[in-house]
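**Student:** Contents of data.txt (compact mmCIF, C-alpha atoms) are below:
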# COMPACT_ATOMS: atom_id res chain seq x y z
CA MET M 60 24.11 11.78 29.96
CA ASP M 61 20.48 10.75 30.33
CA VAL M 62 18.28 12.99 28.15
CA GLY M 63 15.07 11.09 28.90
CA PRO M 64 13.02 8.98 26.49
CA LEU M 65 11.45 11.75 24.37
CA PRO M 66 14.47 12.66 22.13
CA GLN M 67 15.13 8.96 21.59
CA LEU M 68 11.49 8.40 20.62
CA ILE M 69 11.47 11.38 18.26
CA VAL M 70 14.58 10.19 16.39
CA SER M 71 13.15 6.68 16.14
CA GLY M 72 9.82 8.06 14.92
CA ILE M 73 11.47 10.17 12.20
CA LEU M 74 13.55 7.28 10.90
CA THR M 75 10.49 5.01 10.89
CA GLY M 76 8.47 7.69 9.14
CA LEU M 77 11.03 8.01 6.35
CA LEU M 78 10.60 4.32 5.52
CA PHE M 79 6.82 4.74 5.56
CA ALA M 80 7.25 7.67 3.16
CA LEU M 81 9.26 5.61 0.65
CA ILE M 82 6.63 2.86 0.69
CA SER M 83 3.78 5.36 0.36
CA VAL M 84 5.26 7.55 -2.38
CA GLY M 85 4.86 4.70 -4.88
CA LEU M 86 1.21 4.36 -3.93
CA THR M 87 0.55 8.07 -4.35
CA LEU M 88 2.42 8.22 -7.68
CA ILE M 89 0.20 5.49 -9.14
CA PHE M 90 -2.94 7.17 -7.84
CA GLY M 91 -1.87 10.66 -8.91
CA VAL M 92 -1.17 9.63 -12.51
CA MET M 93 -3.72 6.85 -13.08
CA ASP M 94 -6.40 7.55 -10.46
CA VAL M 95 -5.98 3.91 -9.39
CA VAL M 96 -5.66 2.60 -5.83
CA ASN M 97 -3.42 -0.48 -5.94
CA PHE M 98 -4.56 -2.79 -3.16
CA ALA M 99 -1.69 -5.20 -3.93
CA HIS M 100 0.93 -2.52 -3.19
CA GLY M 101 2.02 -4.21 0.03
CA GLU M 102 2.44 -7.56 -1.66
CA PHE M 103 4.95 -6.07 -4.10
CA LEU M 104 6.83 -4.83 -1.04
CA MET M 105 6.78 -8.36 0.32
CA LEU M 106 8.15 -9.72 -2.99
CA ALA M 107 10.95 -7.14 -2.87
CA MET M 108 11.89 -8.26 0.65
CA TYR M 109 12.02 -11.91 -0.45
CA ALA M 110 14.09 -10.90 -3.50
CA THR M 111 16.54 -9.10 -1.20
CA PHE M 112 16.70 -12.19 1.00
CA GLY M 113 17.41 -14.36 -2.05
CA LEU M 114 20.19 -12.06 -3.27
CA GLY M 115 21.64 -12.21 0.22
CA LEU M 116 22.11 -15.95 -0.22
CA ILE M 117 24.55 -15.28 -3.07
CA GLY M 118 26.49 -12.69 -1.12
CA LEU M 119 24.71 -9.38 -1.82
CA ASN M 120 23.77 -7.46 1.31
CA PRO M 121 20.58 -5.30 1.19
CA ILE M 122 22.47 -2.15 0.15
CA LEU M 123 24.20 -3.87 -2.77
CA ALA M 124 20.99 -5.71 -3.66
CA LEU M 125 18.92 -2.49 -3.70
CA PRO M 126 19.60 -1.38 -7.32
CA VAL M 127 19.04 -4.92 -8.60
CA VAL M 128 15.72 -5.20 -6.75
CA VAL M 129 14.61 -1.73 -7.88
CA VAL M 130 15.20 -2.52 -11.56
CA ALA M 131 13.52 -5.93 -11.26
CA MET M 132 10.47 -4.45 -9.52
CA PHE M 133 10.20 -1.66 -12.09
CA VAL M 134 10.11 -4.22 -14.90
CA LEU M 135 7.62 -6.35 -12.96
CA GLY M 136 5.38 -3.33 -12.35
CA ALA M 137 5.41 -2.32 -16.02
CA LEU M 138 4.54 -5.89 -17.05
CA VAL M 139 1.72 -6.13 -14.48
CA TYR M 140 0.27 -2.92 -15.89
CA ARG M 141 0.65 -4.07 -19.50
CA PHE M 142 -0.95 -7.50 -19.08
CA PHE M 143 -3.28 -7.00 -16.10
CA VAL M 144 -4.10 -3.48 -14.89
CA LYS M 145 -4.54 -2.09 -18.41
CA ARG M 146 -7.28 -4.65 -19.04
CA LEU M 147 -8.97 -3.78 -15.75
CA LEU M 148 -9.05 -0.09 -16.70
CA ALA M 149 -11.07 -0.99 -19.79
CA GLY M 150 -13.87 -2.27 -17.56
CA PRO M 151 -16.04 -0.63 -14.90
CA PRO M 152 -14.34 1.26 -12.02
CA GLU M 153 -15.01 -1.63 -9.64
CA ALA M 154 -12.86 -3.93 -11.78
CA VAL M 155 -9.64 -2.26 -10.61
CA VAL M 156 -10.65 -2.58 -6.95
CA PHE M 157 -11.54 -6.26 -7.18
CA GLY M 158 -8.69 -7.03 -9.58
CA THR M 159 -5.91 -5.57 -7.45
CA PHE M 160 -7.43 -7.12 -4.33
CA GLY M 161 -7.45 -10.47 -6.11
CA LEU M 162 -3.79 -9.91 -7.01
CA LEU M 163 -3.12 -9.28 -3.31
CA VAL M 164 -4.67 -12.64 -2.37
CA PHE M 165 -2.82 -14.45 -5.16
CA LEU M 166 0.62 -13.04 -4.32
CA GLN M 167 0.17 -13.62 -0.62
CA GLY M 168 -0.97 -17.20 -1.21
CA ALA M 169 1.92 -17.85 -3.61
CA ALA M 170 4.40 -16.56 -1.02
CA GLN M 171 2.82 -18.79 1.61
CA PHE M 172 3.12 -21.78 -0.73
CA PHE M 173 6.70 -21.23 -1.88
CA PHE M 174 8.28 -19.71 1.24
CA THR M 175 5.99 -21.08 4.01
CA SER M 176 5.23 -18.90 7.04
CA ASP M 177 8.82 -18.90 8.28
CA TYR M 178 10.48 -15.57 8.95
CA ARG M 179 13.44 -14.89 6.67
CA SER M 180 16.26 -12.48 7.50
CA VAL M 181 19.46 -11.63 5.61
CA LEU M 182 22.68 -13.32 6.60
CA ASN M 183 25.52 -11.13 7.88
CA PRO M 184 23.73 -7.74 7.74
CA PRO M 185 26.12 -4.86 6.95
CA PHE M 186 25.10 -2.68 9.91
CA SER M 187 24.90 -4.22 13.36
CA GLY M 188 26.34 -1.62 15.73
CA THR M 189 24.81 1.26 17.69
CA LEU M 190 25.68 4.94 17.53
CA HIS M 191 25.48 7.06 20.68
CA LEU M 192 24.89 10.76 20.02
CA GLY M 193 24.32 13.01 23.02
CA GLY M 194 22.67 10.29 25.04
CA ILE M 195 20.56 9.04 22.09
CA ALA M 196 21.23 5.49 20.92
CA ILE M 197 20.60 4.88 17.21
CA GLY M 198 20.97 1.52 15.58
CA GLU M 199 23.26 1.70 12.55
CA ALA M 200 20.83 -0.40 10.49
CA GLN M 201 17.88 1.83 11.35
CA LEU M 202 19.90 4.96 10.57
CA ALA M 203 21.10 3.55 7.23
CA ALA M 204 17.54 2.57 6.27
CA GLY M 205 16.12 5.98 7.21
CA LEU M 206 18.81 7.99 5.46
CA GLY M 207 18.64 5.74 2.42
CA ALA M 208 14.88 6.31 2.23
CA LEU M 209 15.39 10.09 2.52
CA VAL M 210 17.91 10.12 -0.34
CA LEU M 211 15.62 8.05 -2.56
CA ILE M 212 12.58 10.22 -1.80
CA ALA M 213 14.61 13.31 -2.72
CA ALA M 214 15.68 11.60 -5.96
CA ILE M 215 12.06 10.74 -6.83
CA PHE M 216 10.95 14.29 -6.08
CA GLY M 217 13.72 15.69 -8.26
CA PHE M 218 12.85 13.28 -11.07
CA VAL M 219 9.15 14.18 -11.02
CA GLU M 220 9.80 17.93 -10.78
CA TYR M 221 12.76 18.52 -13.08
CA THR M 222 12.89 15.84 -15.80
CA GLU M 223 10.92 15.50 -19.04
CA PRO M 224 9.26 12.17 -18.06
CA GLY M 225 8.46 13.66 -14.67
CA ARG M 226 6.75 16.64 -16.28
CA ALA M 227 4.76 14.24 -18.47
CA LEU M 228 3.62 12.38 -15.35
CA ARG M 229 2.55 15.66 -13.74
CA ALA M 230 0.72 16.68 -16.91
CA LEU M 231 -1.25 13.42 -16.85
CA SER M 232 -2.13 13.90 -13.19
CA GLU M 233 -3.39 17.44 -13.93
CA ASP M 234 -5.43 16.80 -17.09
CA ARG M 235 -5.30 13.57 -19.08
CA VAL M 236 -7.19 14.95 -22.08
CA ALA M 237 -4.90 17.98 -22.39
CA ALA M 238 -1.86 15.71 -21.98
CA GLN M 239 -3.05 13.54 -24.87
CA LEU M 240 -3.59 16.60 -27.06
CA MET M 241 0.01 17.62 -26.31
CA GLY M 242 1.22 14.29 -27.73
CA ILE M 243 1.89 12.39 -24.50
CA ASP M 244 1.48 8.62 -24.90
CA VAL M 245 -0.94 7.90 -22.05
CA GLN M 246 -0.56 4.12 -22.03
CA ARG M 247 3.22 4.31 -22.08
CA MET M 248 3.26 6.82 -19.22
CA ASN M 249 0.73 4.75 -17.26
CA ALA M 250 3.05 1.74 -17.52
CA PHE M 251 5.99 3.94 -16.53
CA ALA M 252 4.11 5.36 -13.52
CA PHE M 253 3.02 1.91 -12.35
CA GLY M 254 6.55 0.57 -12.77
CA LEU M 255 8.01 3.54 -10.90
CA GLY M 256 5.51 3.09 -8.07
CA ILE M 257 6.41 -0.60 -7.74
CA ALA M 258 10.11 0.24 -7.96
CA CYS M 259 9.63 2.40 -4.85
CA THR M 260 8.41 -0.68 -3.00
CA GLY M 261 11.51 -2.49 -4.28
CA ALA M 262 13.78 0.13 -2.74
CA ALA M 263 11.77 0.12 0.49
CA GLY M 264 11.81 -3.67 0.65
CA ALA M 265 15.60 -3.80 0.33
CA LEU M 266 16.04 -1.18 3.07
CA LEU M 267 13.49 -2.87 5.34
CA MET M 268 15.53 -6.07 5.26
CA LEU M 269 18.19 -4.21 7.27
CA THR M 270 15.87 -4.20 10.30
CA TYR M 271 12.89 -6.48 9.50
CA GLN M 272 12.27 -10.07 8.50
CA ALA M 273 10.31 -11.20 5.45
CA TYR M 274 7.16 -13.30 5.79
CA PRO M 275 4.04 -13.63 3.60
CA ARG M 276 1.80 -11.16 5.48
CA ILE M 277 4.29 -8.36 6.11
CA GLY M 278 3.17 -6.48 3.01
CA THR M 279 -0.41 -6.21 4.27
CA GLU M 280 0.76 -4.66 7.54
CA PHE M 281 2.85 -1.99 5.82
CA ALA M 282 0.23 -1.37 3.11
CA LEU M 283 -2.39 -0.46 5.71
CA THR M 284 -0.02 2.12 7.18
CA ALA M 285 0.79 3.38 3.67
CA PHE M 286 -2.89 3.99 2.93
CA VAL M 287 -3.17 5.98 6.16
CA VAL M 288 -0.07 8.00 5.24
CA VAL M 289 -1.38 8.81 1.75
CA ALA M 290 -4.82 9.74 3.07
CA LEU M 291 -3.25 12.00 5.70
CA GLY M 292 -0.92 13.77 3.29
CA GLY M 293 -3.33 13.87 0.36
CA PHE M 294 -3.61 11.43 -2.53
CA GLY M 295 -1.26 12.37 -5.36
CA SER M 296 0.96 14.69 -3.27
CA VAL M 297 4.61 13.67 -2.77
CA HIS M 298 5.07 16.52 -0.27
CA GLY M 299 1.98 15.34 1.59
CA VAL M 300 3.27 11.77 1.74
CA LEU M 301 6.48 12.88 3.42
CA LEU M 302 4.61 15.01 5.95
CA GLY M 303 2.03 12.30 6.61
CA ALA M 304 4.68 9.59 6.98
CA LEU M 305 6.70 11.60 9.50
CA LEU M 306 3.53 12.26 11.53
CA VAL M 307 2.55 8.59 11.44
CA GLY M 308 6.07 7.49 12.42
CA LEU M 309 6.19 9.87 15.38
CA VAL M 310 2.66 9.11 16.59
CA GLU M 311 3.19 5.36 16.27
CA VAL M 312 6.45 5.36 18.24
CA LEU M 313 5.11 7.70 20.92
CA GLY M 314 1.88 5.71 21.19
CA GLY M 315 3.79 2.45 21.54
CA TYR M 316 5.84 3.90 24.40
CA TYR M 317 3.29 5.95 26.32
CA ILE M 318 0.20 3.77 25.76
CA ALA M 319 1.20 0.18 24.96
CA PRO M 320 3.12 -1.54 22.15
CA ALA M 321 0.02 -3.52 21.17
CA LEU M 322 -1.98 -0.29 20.83
CA LYS M 323 0.63 1.80 19.02
CA MET M 324 -1.57 2.20 15.94
CA LEU M 325 -4.58 3.45 17.92
CA PRO M 326 -3.43 7.12 18.01
CA VAL M 327 -2.43 6.85 14.34
CA TYR M 328 -5.97 5.87 13.34
CA ALA M 329 -7.39 8.55 15.62
CA LEU M 330 -5.23 11.14 13.83
CA TYR M 331 -6.37 9.76 10.48
CA LEU M 332 -10.05 10.06 11.43
CA ALA M 333 -9.52 13.62 12.66
CA VAL M 334 -7.93 14.64 9.36
CA VAL M 335 -10.65 12.89 7.34
CA PHE M 336 -13.39 14.77 9.19
CA LEU M 337 -11.67 18.17 9.23
CA ARG M 338 -9.84 18.10 5.88
CA PRO M 339 -11.03 15.20 3.66
CA GLN M 340 -8.52 15.97 0.88
CA GLY M 341 -5.59 15.46 3.27
CA LEU M 342 -3.12 17.91 4.75
CA LEU M 343 -1.55 18.94 1.42
CA GLY M 344 -4.05 17.45 -1.04
CA ARG M 345 -6.40 19.31 -3.32
CA ARG M 346 -10.17 19.03 -3.34
Please go through the file and, once you have read it, give me the structure as structure tokens.
**Tutor:**
Amino acid sequence: MDVGPLPQLIVSGILTGLLFALISVGLTLIFGVMDVVNFAHGEFLMLAMYATFGLGLIGLNPILALPVVVVAMFVLGALVYRFFVKRLLAGPPEAVVFGTFGLLVFLQGAAQFFFTSDYRSVLNPPFSGTLHLGGIAIGEAQLAAGLGALVLIAAIFGFVEYTEPGRALRALSEDRVAAQLMGIDVQRMNAFAFGLGIACTGAAGALLMLTYQAYPRIGTEFALTAFVVVALGGFGSVHGVLLGALLVGLVEVLGGYYIAPALKMLPVYALYLAVVFLRPQGLLGRR
């Protein structure tokens, strides 16, 4: 039965938006706790995709590689904070901007040097079929990536809301001075928040390898969309990230179909500008 293109586009947009949300939630966690915008966020995503590709060479598909990549990226994020970002925070506010942008350039150049510009995809992906539901065709890989992202976002939300470390993170985001007076180790929680944010890119990178290929500049492309998502939803808001990501996913897919694939981001940026003018703090953000 032919149901027309719209239901198909909506499903595709939602699944795409869920992946955007997983990428963006790490960015908003780091900003919410540390008040730091990590311009190298996309490059950590790129590293996670290459790590997933490398694990695929020894027989681990992206789903099996996901926990390994998440743990490795968490450790990497905590170390980057300890030996790099922490030092930048001791300087003027501009130091973090220029420092993380410099890290972006370094990681992208290193990937270009070691992996060249070739596109890398996993061998023997675990999902290659297509599901047909009521006239809507859904790729198994896209469905697995979207549902995996949804489960992980729910887990992150539950962790932040209902666990002791999560409450400490929320206390820091509300009032750092009060959190210190309550005995919270700010530096330790900063490292934890940065590691958790980078671990989110690790999970997203593993899931993206189900449907995408790794190359040195892919992180920049996704990072730009992540910044739009976070700005739409509101910096520091996990709920806002999910809402913003779903909107961006839907608008991008619909724009690519009804306008032109090359101009699919045009309505996304138009939506972003409208929100910035009408509600600068984002849809669910606070002033």
**Student:** Which residues are near Gly303 (chain M)? Cut-off 6 Å, all atoms listed in the file, ignore same chain within fewer than 3 positions. Put them as a list in words.
**Tutor:**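 With the cut-off at 6 Å, the set is Val288, Leu291, Gly292, Gly299, Val300 and Leu306 of chain M.
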**Student:** When you count all atoms listed in the file, which of these residues is closest to Phe294 (chain M): M:Ala80, M:Ala196, M:Met324, M:Leu343?
**Tutor:**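 The closest residue to Phe294 (chain M) is M:Leu343.
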**Student:** I need the residue nearest Leu269 (chain M) from this list: M:Pro121, M:Gly341, M:Pro66, M:Gly115. Use all atoms listed in the file for the distance.
**Tutor:** M:Pro121
**Student:** Please, what distance in Å, to one decimal, runs between CA of Asn249 (chain M) and CA of Arg141 (chain M)?
**Tutor:** 9.1 Å
**Student:** Using all atoms listed in the file, pick whichever of M:Gly194, M:Pro184, M:Gly293, M:Pro320 has the shortest atom-to-atom distance to Tyr271 (chain M).
**Tutor:**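 The closest residue to Tyr271 (chain M) is M:Pro184.
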**Student:** Quick one, how far is CA of Val181 (chain M) from CA of Asn120 (chain M)?
**Tutor:** 7.4 Å
**Student:** Can you work out the spacing between CA of Ile257 (chain M) and CA of Ala238 (chain M) in Å, to one decimal?
**Tutor:** 23.2 Å
**Student:** Using all atoms listed in the file, determine which residues lie at most 12 Å from Arg226 (chain M), disregarding the query and same-chain residues fewer than 4 positions distant; provide the list as number ranges by chain.
**Tutor:** M: 92, 216-222, 230-233, 238, 243, 248, 252
**Student:** I'd like the box whose edges run along x, y and z of the file and which contains every listed atom of region 144-158 of chain M, padded by 3 Å per side; could you state its centre and edge lengths in Å, one decimal, as lines of an AutoDock Vina configuration file?
**Tutor:**
center_x = -10.1
center_y = -2.9
center_z = -13.4
size_x = 17.9
size_y = 14.3
size_z = 18.8
**Student:** When you count only C-alpha atoms, which of these residues is closest to Arg247 (chain M): M:Val130, M:Gly101, M:Leu138, M:Leu74?
**Tutor:**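 Of all the options, M:Leu138 lies closest to Arg247 (chain M).
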**Student:** I'd like the neighbourhood of Thr284 (chain M) as a PyMOL selection string, where a residue qualifies if any of its atoms comes within 12 Å (using all atoms listed in the file), though same-chain residues fewer than 2 positions away should be ignored.
**Tutor:** chain M and resi 75-76+78-83+86+100-101+277-282+286-291+300+303-308+311+323-325+327-328+331
**Student:** Would you please work out which residue, of M:Ala263, M:Ala107, M:Ile73, M:Leu211, is nearest to Leu313 (chain M) when using all atoms listed in the file?
**Tutor:** M:Ile73
**Student:** Pick the closest to Ala131 (chain M) from M:Ala273, M:Ile197, M:Ala170, M:Ala110: which is it, counting only C-alpha atoms?
**Tutor:**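 The closest residue to Ala131 (chain M) is M:Ala110.
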**Student:** If you count all atoms listed in the file, which residues fall within 6 Å of Gly261 (chain M), apart from same-chain ones fewer than 5 positions away, as an mmCIF file with C-alpha atoms, in the frame of the given file?
**Tutor:**
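Saved as around35.cif:
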data_model
loop_
_atom_site.group_PDB
_atom_site.id
_atom_site.type_symbol
_atom_site.label_atom_id
_atom_site.label_comp_id
_atom_site.auth_asym_id
_atom_site.auth_seq_id
_atom_site.Cartn_x
_atom_site.Cartn_y
_atom_site.Cartn_z
ATOM 1 C CA ALA M 107 10.950 -7.140 -2.870
ATOM 2 C CA VAL M 128 15.720 -5.200 -6.750
ATOM 3 C CA VAL M 129 14.610 -1.730 -7.880
ATOM 4 C CA MET M 132 10.470 -4.450 -9.520
#
**Student:** Tell me, as JSON, numbers by chain, which residues lie within 10 Å of Gln201 (chain M), counting all atoms listed in the file; anything in the same chain fewer than 2 positions away does not count.
**Tutor:** {"M": [71, 74, 75, 78, 186, 187, 189, 197, 198, 199, 203, 204, 205, 206, 207, 266, 267, 269, 270, 271]}
